[in-house]
Every structure is written in C-alpha cells, then in structure tokens.
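K.L.:
File follows, my_file21.pdb with PDB, C-alpha atoms:
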MODEL        1
ATOM      1  CA  MET A   1     -15.968 -33.649   2.422
ATOM      2  CA  ILE A   2     -16.737 -31.537  -0.650
ATOM      3  CA  LYS A   3     -15.245 -32.692  -3.976
ATOM      4  CA  LEU A   4     -12.958 -30.067  -5.450
ATOM      5  CA  LYS A   5     -11.407 -29.735  -8.887
ATOM      6  CA  THR A   6      -8.613 -27.405  -7.847
ATOM      7  CA  LEU A   7      -7.754 -26.430  -4.294
ATOM      8  CA  HIS A   8      -6.180 -22.980  -4.073
ATOM      9  CA  LEU A   9      -3.848 -22.612  -1.073
ATOM     10  CA  LEU A  10      -3.416 -18.930  -0.286
ATOM     11  CA  ASN A  11      -0.858 -17.685   2.257
ATOM     12  CA  LYS A  12      -0.561 -14.053   1.117
ATOM     13  CA  PRO A  13      -2.234 -11.172   3.022
ATOM     14  CA  PRO A  14      -4.931  -8.991   1.386
ATOM     15  CA  GLU A  15      -2.399  -6.307   0.430
ATOM     16  CA  HIS A  16      -0.224  -8.727  -1.553
ATOM     17  CA  SER A  17      -1.018  -8.563  -5.278
ATOM     18  CA  ARG A  18      -1.134 -12.366  -5.475
ATOM     19  CA  GLN A  19      -4.199 -12.498  -3.246
ATOM     20  CA  ALA A  20      -6.369 -10.662  -5.813
ATOM     21  CA  LEU A  21      -4.903 -12.819  -8.574
ATOM     22  CA  CYS A  22      -5.704 -15.988  -6.629
ATOM     23  CA  LEU A  23      -9.290 -14.935  -5.872
ATOM     24  CA  SER A  24      -9.900 -14.196  -9.553
ATOM     25  CA  ALA A  25      -8.624 -17.690 -10.444
ATOM     26  CA  VAL A  26     -11.026 -19.659  -8.232
ATOM     27  CA  GLY A  27     -13.452 -21.462 -10.564
ATOM     28  CA  PRO A  28     -16.984 -22.686  -9.710
ATOM     29  CA  GLU A  29     -15.785 -26.249  -8.994
ATOM     30  CA  ASP A  30     -12.738 -25.108  -7.027
ATOM     31  CA  GLY A  31     -12.054 -24.519  -3.361
ATOM     32  CA  LEU A  32      -9.973 -21.992  -1.448
ATOM     33  CA  LEU A  33      -8.039 -22.617   1.747
ATOM     34  CA  LEU A  34      -6.557 -19.638   3.584
ATOM     35  CA  ILE A  35      -3.383 -20.367   5.549
ATOM     36  CA  GLU A  36      -0.667 -18.317   7.338
ATOM     37  CA  ASN A  37      -1.054 -14.587   6.511
ATOM     38  CA  GLY A  38      -3.776 -15.505   3.996
ATOM     39  CA  VAL A  39      -6.246 -15.932   6.876
ATOM     40  CA  LEU A  40      -6.347 -12.131   7.225
ATOM     41  CA  ALA A  41      -8.757 -12.265   4.266
ATOM     42  CA  VAL A  42     -11.544 -13.249   6.690
ATOM     43  CA  THR A  43     -11.727  -9.553   7.608
ATOM     44  CA  GLN A  44     -12.710  -8.889   3.964
ATOM     45  CA  PRO A  45     -14.447 -12.193   3.091
ATOM     46  CA  PRO A  46     -13.976 -13.489  -0.471
ATOM     47  CA  GLN A  47     -16.986 -13.556  -2.811
ATOM     48  CA  ILE A  48     -17.039 -17.353  -2.973
ATOM     49  CA  ALA A  49     -19.807 -19.773  -1.852
ATOM     50  CA  ALA A  50     -19.236 -20.406   1.867
ATOM     51  CA  GLU A  51     -19.033 -24.204   1.431
ATOM     52  CA  ARG A  52     -16.092 -23.730  -0.959
ATOM     53  CA  TRP A  53     -13.706 -21.703   1.171
ATOM     54  CA  PHE A  54     -11.945 -22.491   4.420
ATOM     55  CA  ALA A  55      -9.316 -21.137   6.788
ATOM     56  CA  LEU A  56      -6.777 -22.975   8.917
ATOM     57  CA  GLY A  57      -7.759 -22.866  12.617
ATOM     58  CA  PRO A  58      -4.301 -22.526  14.210
ATOM     59  CA  ASP A  59      -3.491 -19.558  11.925
ATOM     60  CA  LEU A  60      -6.810 -17.891  12.788
ATOM     61  CA  GLU A  61      -6.138 -18.385  16.512
ATOM     62  CA  ALA A  62      -2.639 -16.904  16.232
ATOM     63  CA  ARG A  63      -4.085 -13.720  14.750
ATOM     64  CA  GLY A  64      -7.146 -13.453  16.995
ATOM     65  CA  LEU A  65      -9.546 -13.988  14.068
ATOM     66  CA  THR A  66     -11.437 -17.078  15.238
ATOM     67  CA  GLY A  67     -14.819 -15.385  15.697
ATOM     68  CA  LEU A  68     -14.917 -13.836  12.226
ATOM     69  CA  ILE A  69     -15.732 -17.002  10.268
ATOM     70  CA  SER A  70     -18.289 -19.806  10.597
ATOM     71  CA  GLU A  71     -16.986 -22.869  12.461
ATOM     72  CA  ASP A  72     -17.884 -25.054   9.455
ATOM     73  CA  GLN A  73     -15.216 -23.221   7.461
ATOM     74  CA  VAL A  74     -12.422 -23.676  10.022
ATOM     75  CA  LEU A  75     -10.054 -26.598   9.342
ATOM     76  CA  SER A  76      -7.534 -28.361  11.583
ATOM     77  CA  PHE A  77      -4.160 -29.482  10.202
ATOM     78  CA  GLU A  78      -5.716 -32.955   9.700
ATOM     79  CA  GLY A  79      -8.666 -31.365   7.867
ATOM     80  CA  MET A  80      -6.238 -29.520   5.612
ATOM     81  CA  VAL A  81      -4.511 -32.775   4.679
ATOM     82  CA  GLU A  82      -7.872 -34.424   3.986
ATOM     83  CA  LEU A  83      -9.057 -31.528   1.813
ATOM     84  CA  THR A  84      -5.767 -31.438  -0.091
ATOM     85  CA  ALA A  85      -5.947 -35.175  -0.745
ATOM     86  CA  SER A  86      -9.542 -34.907  -1.981
ATOM     87  CA  ALA A  87      -8.775 -32.235  -4.594
ATOM     88  CA  GLU A  88      -7.831 -33.237  -8.144
ATOM     89  CA  ASN A  89      -5.007 -30.705  -8.088
ATOM     90  CA  VAL A  90      -3.584 -28.009  -5.855
ATOM     91  CA  ILE A  91      -2.215 -24.543  -6.543
ATOM     92  CA  SER A  92      -0.012 -22.954  -3.868
ATOM     93  CA  TRP A  93      -0.147 -19.193  -4.365
TER
ATOM     94  CA  MET B   1      16.452  12.476  18.758
ATOM     95  CA  SER B   2      13.140  10.643  18.300
ATOM     96  CA  THR B   3      12.456   7.634  16.100
ATOM     97  CA  LEU B   4       9.281   6.256  14.576
ATOM     98  CA  ILE B   5       9.440   2.636  13.461
ATOM     99  CA  VAL B   6       6.765   1.654  10.962
ATOM    100  CA  ILE B   7       5.524  -1.930  10.637
ATOM    101  CA  ASP B   8       3.390  -2.526   7.548
ATOM    102  CA  GLN B   9       3.581  -6.329   7.435
ATOM    103  CA  PRO B  10       1.248  -8.711   9.270
ATOM    104  CA  PRO B  11       2.447 -10.717  12.284
ATOM    105  CA  TYR B  12       3.619 -14.383  12.264
ATOM    106  CA  GLY B  13       4.148 -14.806   8.496
ATOM    107  CA  SER B  14       7.702 -13.397   8.479
ATOM    108  CA  TRP B  15      10.384 -12.206  10.901
ATOM    109  CA  GLU B  16      10.762  -8.604   9.715
ATOM    110  CA  GLY B  17       8.205  -7.263  12.154
ATOM    111  CA  ARG B  18       9.783  -9.026  15.125
ATOM    112  CA  GLU B  19      13.166  -7.595  14.155
ATOM    113  CA  ALA B  20      11.670  -4.099  14.050
ATOM    114  CA  LEU B  21      10.148  -4.690  17.450
ATOM    115  CA  ASP B  22      13.567  -5.728  18.817
ATOM    116  CA  MET B  23      15.026  -2.540  17.351
ATOM    117  CA  ALA B  24      12.370  -0.448  19.100
ATOM    118  CA  PHE B  25      12.964  -2.196  22.425
ATOM    119  CA  SER B  26      16.725  -1.713  22.044
ATOM    120  CA  LEU B  27      16.354   2.017  21.401
ATOM    121  CA  ALA B  28      14.063   2.295  24.409
ATOM    122  CA  ALA B  29      16.578   0.367  26.564
ATOM    123  CA  PHE B  30      19.187   3.055  25.740
ATOM    124  CA  ASP B  31      16.709   5.824  26.618
ATOM    125  CA  GLN B  32      16.203   6.881  22.994
ATOM    126  CA  PRO B  33      12.640   8.139  22.397
ATOM    127  CA  VAL B  34      10.904   5.644  20.114
ATOM    128  CA  SER B  35       7.343   4.962  18.981
ATOM    129  CA  LEU B  36       5.862   2.246  16.788
ATOM    130  CA  LEU B  37       3.359   2.832  13.996
ATOM    131  CA  PHE B  38       1.364  -0.039  12.533
ATOM    132  CA  CYS B  39      -0.147   0.499   9.098
ATOM    133  CA  GLY B  40      -1.459  -1.635   6.219
ATOM    134  CA  ALA B  41      -1.733  -5.283   7.216
ATOM    135  CA  GLY B  42       0.560  -4.381  10.120
ATOM    136  CA  VAL B  43      -2.417  -3.215  12.204
ATOM    137  CA  ASN B  44      -3.182  -6.899  12.823
ATOM    138  CA  TRP B  45      -0.296  -6.927  15.309
ATOM    139  CA  LEU B  46      -2.524  -4.963  17.670
ATOM    140  CA  ARG B  47      -5.639  -7.178  17.581
ATOM    141  CA  GLN B  48      -6.747  -8.542  20.944
ATOM    142  CA  GLY B  49      -7.139 -12.283  21.491
ATOM    143  CA  GLN B  50      -4.089 -13.706  19.686
ATOM    144  CA  ASP B  51      -3.006 -17.235  20.625
ATOM    145  CA  ALA B  52      -0.067 -18.494  18.574
ATOM    146  CA  ALA B  53       0.627 -21.692  20.545
ATOM    147  CA  ARG B  54      -0.609 -23.973  17.759
ATOM    148  CA  VAL B  55       1.674 -22.341  15.186
ATOM    149  CA  GLN B  56       4.610 -22.798  17.596
ATOM    150  CA  GLN B  57       5.190 -19.086  18.145
ATOM    151  CA  LYS B  58       4.783 -16.650  21.021
ATOM    152  CA  SER B  59       1.900 -14.230  20.807
ATOM    153  CA  VAL B  60       3.106 -10.788  19.699
ATOM    154  CA  GLU B  61       0.173  -9.318  21.586
ATOM    155  CA  ARG B  62       1.900  -9.965  24.921
ATOM    156  CA  ASN B  63       5.198  -8.550  23.610
ATOM    157  CA  LEU B  64       3.472  -5.371  22.569
ATOM    158  CA  ALA B  65       1.475  -5.026  25.766
ATOM    159  CA  ALA B  66       4.845  -4.829  27.564
ATOM    160  CA  ALA B  67       6.268  -2.176  25.194
ATOM    161  CA  PRO B  68       5.296   0.837  27.368
ATOM    162  CA  ILE B  69       6.953  -0.822  30.397
ATOM    163  CA  PHE B  70      10.209  -1.030  28.416
ATOM    164  CA  GLY B  71       9.996   2.630  27.478
ATOM    165  CA  VAL B  72       8.396   2.573  24.008
ATOM    166  CA  GLU B  73       6.492   5.858  24.024
ATOM    167  CA  ALA B  74       3.489   5.018  21.838
ATOM    168  CA  LEU B  75       1.886   2.178  19.881
ATOM    169  CA  LEU B  76       0.063   3.860  17.027
ATOM    170  CA  ALA B  77      -2.373   2.296  14.557
ATOM    171  CA  ASP B  78      -3.302   3.883  11.227
ATOM    172  CA  GLY B  79      -7.052   4.534  11.259
ATOM    173  CA  GLN B  80      -7.657   3.758   7.569
ATOM    174  CA  ALA B  81      -5.944   0.374   7.854
ATOM    175  CA  CYS B  82      -7.940  -0.440  11.005
ATOM    176  CA  LEU B  83     -11.149   0.227   9.065
ATOM    177  CA  ARG B  84     -10.023  -2.056   6.252
ATOM    178  CA  TYR B  85      -9.287  -4.894   8.670
ATOM    179  CA  GLY B  86     -12.473  -4.439  10.702
ATOM    180  CA  LEU B  87     -10.641  -3.181  13.797
ATOM    181  CA  ALA B  88     -12.508  -0.796  16.096
ATOM    182  CA  ALA B  89     -10.598   0.965  18.898
ATOM    183  CA  THR B  90     -12.071  -1.578  21.338
ATOM    184  CA  ASP B  91     -10.608  -4.497  19.323
ATOM    185  CA  LEU B  92      -7.052  -3.229  19.821
ATOM    186  CA  ILE B  93      -4.817  -3.954  22.809
ATOM    187  CA  GLU B  94      -5.369  -1.205  25.345
ATOM    188  CA  GLN B  95      -1.870   0.271  24.959
ATOM    189  CA  ALA B  96      -2.576   1.164  21.307
ATOM    190  CA  SER B  97      -4.113   4.341  19.978
ATOM    191  CA  ILE B  98      -5.534   5.129  16.543
ATOM    192  CA  THR B  99      -3.959   7.898  14.498
ATOM    193  CA  ASP B 100      -3.666   8.986  10.865
ATOM    194  CA  PHE B 101      -0.531   8.175   8.901
ATOM    195  CA  GLY B 102       0.706  11.293   7.139
ATOM    196  CA  PRO B 103       3.139  14.210   7.170
ATOM    197  CA  GLU B 104       1.697  15.634  10.366
ATOM    198  CA  LEU B 105       2.593  12.417  12.207
ATOM    199  CA  THR B 106       5.943  11.637  10.567
ATOM    200  CA  GLY B 107       6.999  15.295  10.964
ATOM    201  CA  ARG B 108       7.040  14.856  14.738
ATOM    202  CA  PHE B 109      10.000  12.428  14.518
ATOM    203  CA  ASP B 110      13.658  12.976  13.618
ATOM    204  CA  HIS B 111      13.875   9.503  12.079
ATOM    205  CA  VAL B 112      11.249   7.321  10.408
ATOM    206  CA  ALA B 113      12.282   3.762   9.570
ATOM    207  CA  PHE B 114      10.334   0.902   8.009
ATOM    208  CA  ALA B 115      10.509  -2.750   9.050
ATOM    209  CA  GLY B 116      11.814  -5.091   6.377
TER
ENDMDL
END
Could you render the structure from this file as structure tokens?

P.N.:
Amino acid sequence: MIKLKTLHLLNKPPEHSRQALCLSAVGPEDGLLLIENGVLAVTQPPQIAAERWFALGPDLEARGLTGLISEDQVLSFEGMVELTASAENVISW
Amino acid sequence: MSTLIVIDQPPYGSWEGREALDMAFSLAAFDQPVSLLFCGAGVNWLRQGQDAARVQQKSVERNLAAAPIFGVEALLADGQACLRYGLAATDLIEQASITDFGPELTGRFDHVAFAG
C-alpha cells in the first residue's frame, strides 16, 4: 500500500464548495479517498496522479458508478481502514 | 392544480430526496398531478445500475422506476446537469426524459417545490 502523508477523506458532492477546497489542498505526498456522495467526483475525475486517489466500492455500487474508475482505485471497507491506518494523518472534509 | 417537485441533491447521502419522493408519491396517490425534476447533483438519482445493498439502503432506481405506476406524471432530468455528470439519455432509467430547467418548464406548473 502506498505511503501517504495526509489522507483526505471527501464525502461532499462536486457541487459542494468543500469539494473544490479539498481538491486544492491535496499535496504531492497526499492521498484522496472519495466516500459517500464524494464518489460522484469520478464523473469529473480529479487532477491527481491515479495511484494517489481512490473511491469506496460500496458507495460507487450504490450510485451505479463502478465502471467509471479503474479497479485499482476501488477500495473495500477493509481497504479503507488499511489506507487510513497507513497515513500519517487524516483530514475528513 | 399541478406540482413540480425539484430534487437537486444526490441520492443516498441524505434523506431530503427520499422525503421529496414520498411527497410526490403521496400527491399522486390523491390524484394530484405531480412531476419530479432532477437537477444539479440530483440527476444521479436517475442513473441506471444502482446497487445500494452494501451501504444498507434500498436502491432509489427501483423506487423511481415504479413512479409512473403510482401516478407520477413525469421524471425529468436537467440536460446541463446530465452533461456535467456524464449522463447520456441511454444511461438514465427508461422512465426519465431530459429537459431544460428554466421558466418555460416551471411555468407549466401551479406549484414548484424544492426538496430539503
């Protein structure tokens, strides 16, 4: 699993002002995990290296978005826990 | 007296949309003409292929597919929002149709109410 300085957990949809704020705060050593309504961002993919951003599988499935993102970027609940534990710190947006 | 209920919030993240849907179904049950318009992130309600089992919810897609049976006159999706969310007409549930949100549309209803 990739080593992250800060993991940004984003649950706000693209039209929420906090999504833009979050995306502008992701540094080069950071990672981004889209959860809940945040997964709608896969329809307008963030300009972040693919190995540094992920989306939660169950939330993608709920919204019919599974095919819009590479399988390598889809995390299970267990994967989310692992990624969170591997990051030095976490910001929940 | 006709009513247009507008849902501009995405599905699953909050309950406001579901409440609006219940309101629409209730109006329809009492034979009041009602249509639903999805705009902004709300258009994601109409995407085909939703499976919410792993987030412990029921798929709203199946709810909406039944709306015409319960007397909801139209499921409308704002075209601009569909573009933004990568939704072509063929990606939407078949009961939905794409329209443009604006005075021409809202003028056809006696009441326009927003969810949430």

K.L.:
Please determine the contact residues of chain B with respect to chain A at a cut-off of 6 Å, counting only C-alpha atoms, and supply them as a PyMOL selection string.

P.N.:
chain B and resi 13+49-52+54+85

K.L.:
I'd like the residues picked by the PyMOL selection byres ((chain B and resi 99-109) around 7) written out as a list of chain:residue names, using the chain letters and numbers from the file.

P.N.:
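This file gives the following for the PyMOL selection byres ((chain B and resi 99-109) around 7): B:Ser2, B:Thr3, B:Leu4, B:Leu76, B:Ala77, B:Asp78, B:Gly79, B:Ser97, B:Ile98, B:Asp110, B:His111, B:Val112.
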
K.L.:
For a quick check of understanding, using all atoms listed in the file, which of B:Cys39, B:Ile93, B:Leu87, B:Val72 has the smallest distance to Asp22 (chain B)?

P.N.:
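Among the listed residues, the smallest separation from Asp22 (chain B) belongs to B:Val72.
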
K.L.:
Need to verify the contact set: Gly42 (chain B), 9 Å, only C-alpha atoms, exclusion of same-chain residues closer than 4 positions in sequence. Can you return it as number ranges by chain?

P.N.:
B: 6-11, 17, 37-38, 46, 77, 81

K.L.:
Name the closest residue to Ser59 (chain B) among the candidates B:Leu92, B:Gln80, B:Tyr12, B:Ala113; distances are taken between atoms, counting all atoms listed in the file.

P.N.:
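Nearest to Ser59 (chain B): B:Tyr12.
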
K.L.:
Would you list the contacts of region 21-26 of chain A as a PDB file with C-alpha atoms, in the frame of the given file, taking every protein, DNA or RNA residue within 12 Å and counting only C-alpha atoms, but skipping same-chain residues closer than 6 positions in sequence?

P.N.:
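The resulting file, around27.pdb, is shown below:
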ATOM      1  CA  LEU A   4     -12.958 -30.067  -5.450  1.00  0.00           C
ATOM      2  CA  LYS A   5     -11.407 -29.735  -8.887  1.00  0.00           C
ATOM      3  CA  THR A   6      -8.613 -27.405  -7.847  1.00  0.00           C
ATOM      4  CA  LEU A   7      -7.754 -26.430  -4.294  1.00  0.00           C
ATOM      5  CA  HIS A   8      -6.180 -22.980  -4.073  1.00  0.00           C
ATOM      6  CA  LEU A   9      -3.848 -22.612  -1.073  1.00  0.00           C
ATOM      7  CA  LEU A  10      -3.416 -18.930  -0.286  1.00  0.00           C
ATOM      8  CA  ASN A  11      -0.858 -17.685   2.257  1.00  0.00           C
ATOM      9  CA  LYS A  12      -0.561 -14.053   1.117  1.00  0.00           C
ATOM     10  CA  PRO A  13      -2.234 -11.172   3.022  1.00  0.00           C
ATOM     11  CA  PRO A  14      -4.931  -8.991   1.386  1.00  0.00           C
ATOM     12  CA  GLU A  15      -2.399  -6.307   0.430  1.00  0.00           C
ATOM     13  CA  LEU A  32      -9.973 -21.992  -1.448  1.00  0.00           C
ATOM     14  CA  LEU A  33      -8.039 -22.617   1.747  1.00  0.00           C
ATOM     15  CA  LEU A  34      -6.557 -19.638   3.584  1.00  0.00           C
ATOM     16  CA  GLY A  38      -3.776 -15.505   3.996  1.00  0.00           C
ATOM     17  CA  ALA A  41      -8.757 -12.265   4.266  1.00  0.00           C
ATOM     18  CA  PRO A  45     -14.447 -12.193   3.091  1.00  0.00           C
ATOM     19  CA  PRO A  46     -13.976 -13.489  -0.471  1.00  0.00           C
ATOM     20  CA  GLN A  47     -16.986 -13.556  -2.811  1.00  0.00           C
ATOM     21  CA  ILE A  48     -17.039 -17.353  -2.973  1.00  0.00           C
ATOM     22  CA  ALA A  49     -19.807 -19.773  -1.852  1.00  0.00           C
ATOM     23  CA  ARG A  52     -16.092 -23.730  -0.959  1.00  0.00           C
ATOM     24  CA  TRP A  53     -13.706 -21.703   1.171  1.00  0.00           C
ATOM     25  CA  VAL A  90      -3.584 -28.009  -5.855  1.00  0.00           C
ATOM     26  CA  ILE A  91      -2.215 -24.543  -6.543  1.00  0.00           C
ATOM     27  CA  SER A  92      -0.012 -22.954  -3.868  1.00  0.00           C
ATOM     28  CA  TRP A  93      -0.147 -19.193  -4.365  1.00  0.00           C
TER      29      TRP A  93
END

K.L.:
CA of Gln57 (chain B) and CA of Ser14 (chain B), how far apart in Å?

P.N.:
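Distance reported for this atom pair: 11.5 Å.
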
K.L.:
Mind pulling up the distance from CA of Ala20 (chain B) to CA of Leu36 (chain B)?

P.N.:
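Distance reported for this atom pair: 9.0 Å.
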
K.L.:
So how many Å separate CA of Gln56 (chain B) and CA of Gln73 (chain A), to one decimal?

P.N.:
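Straight-line distance from CA of Gln56 (chain B) to CA of Gln73 (chain A) works out to 22.3 Å.
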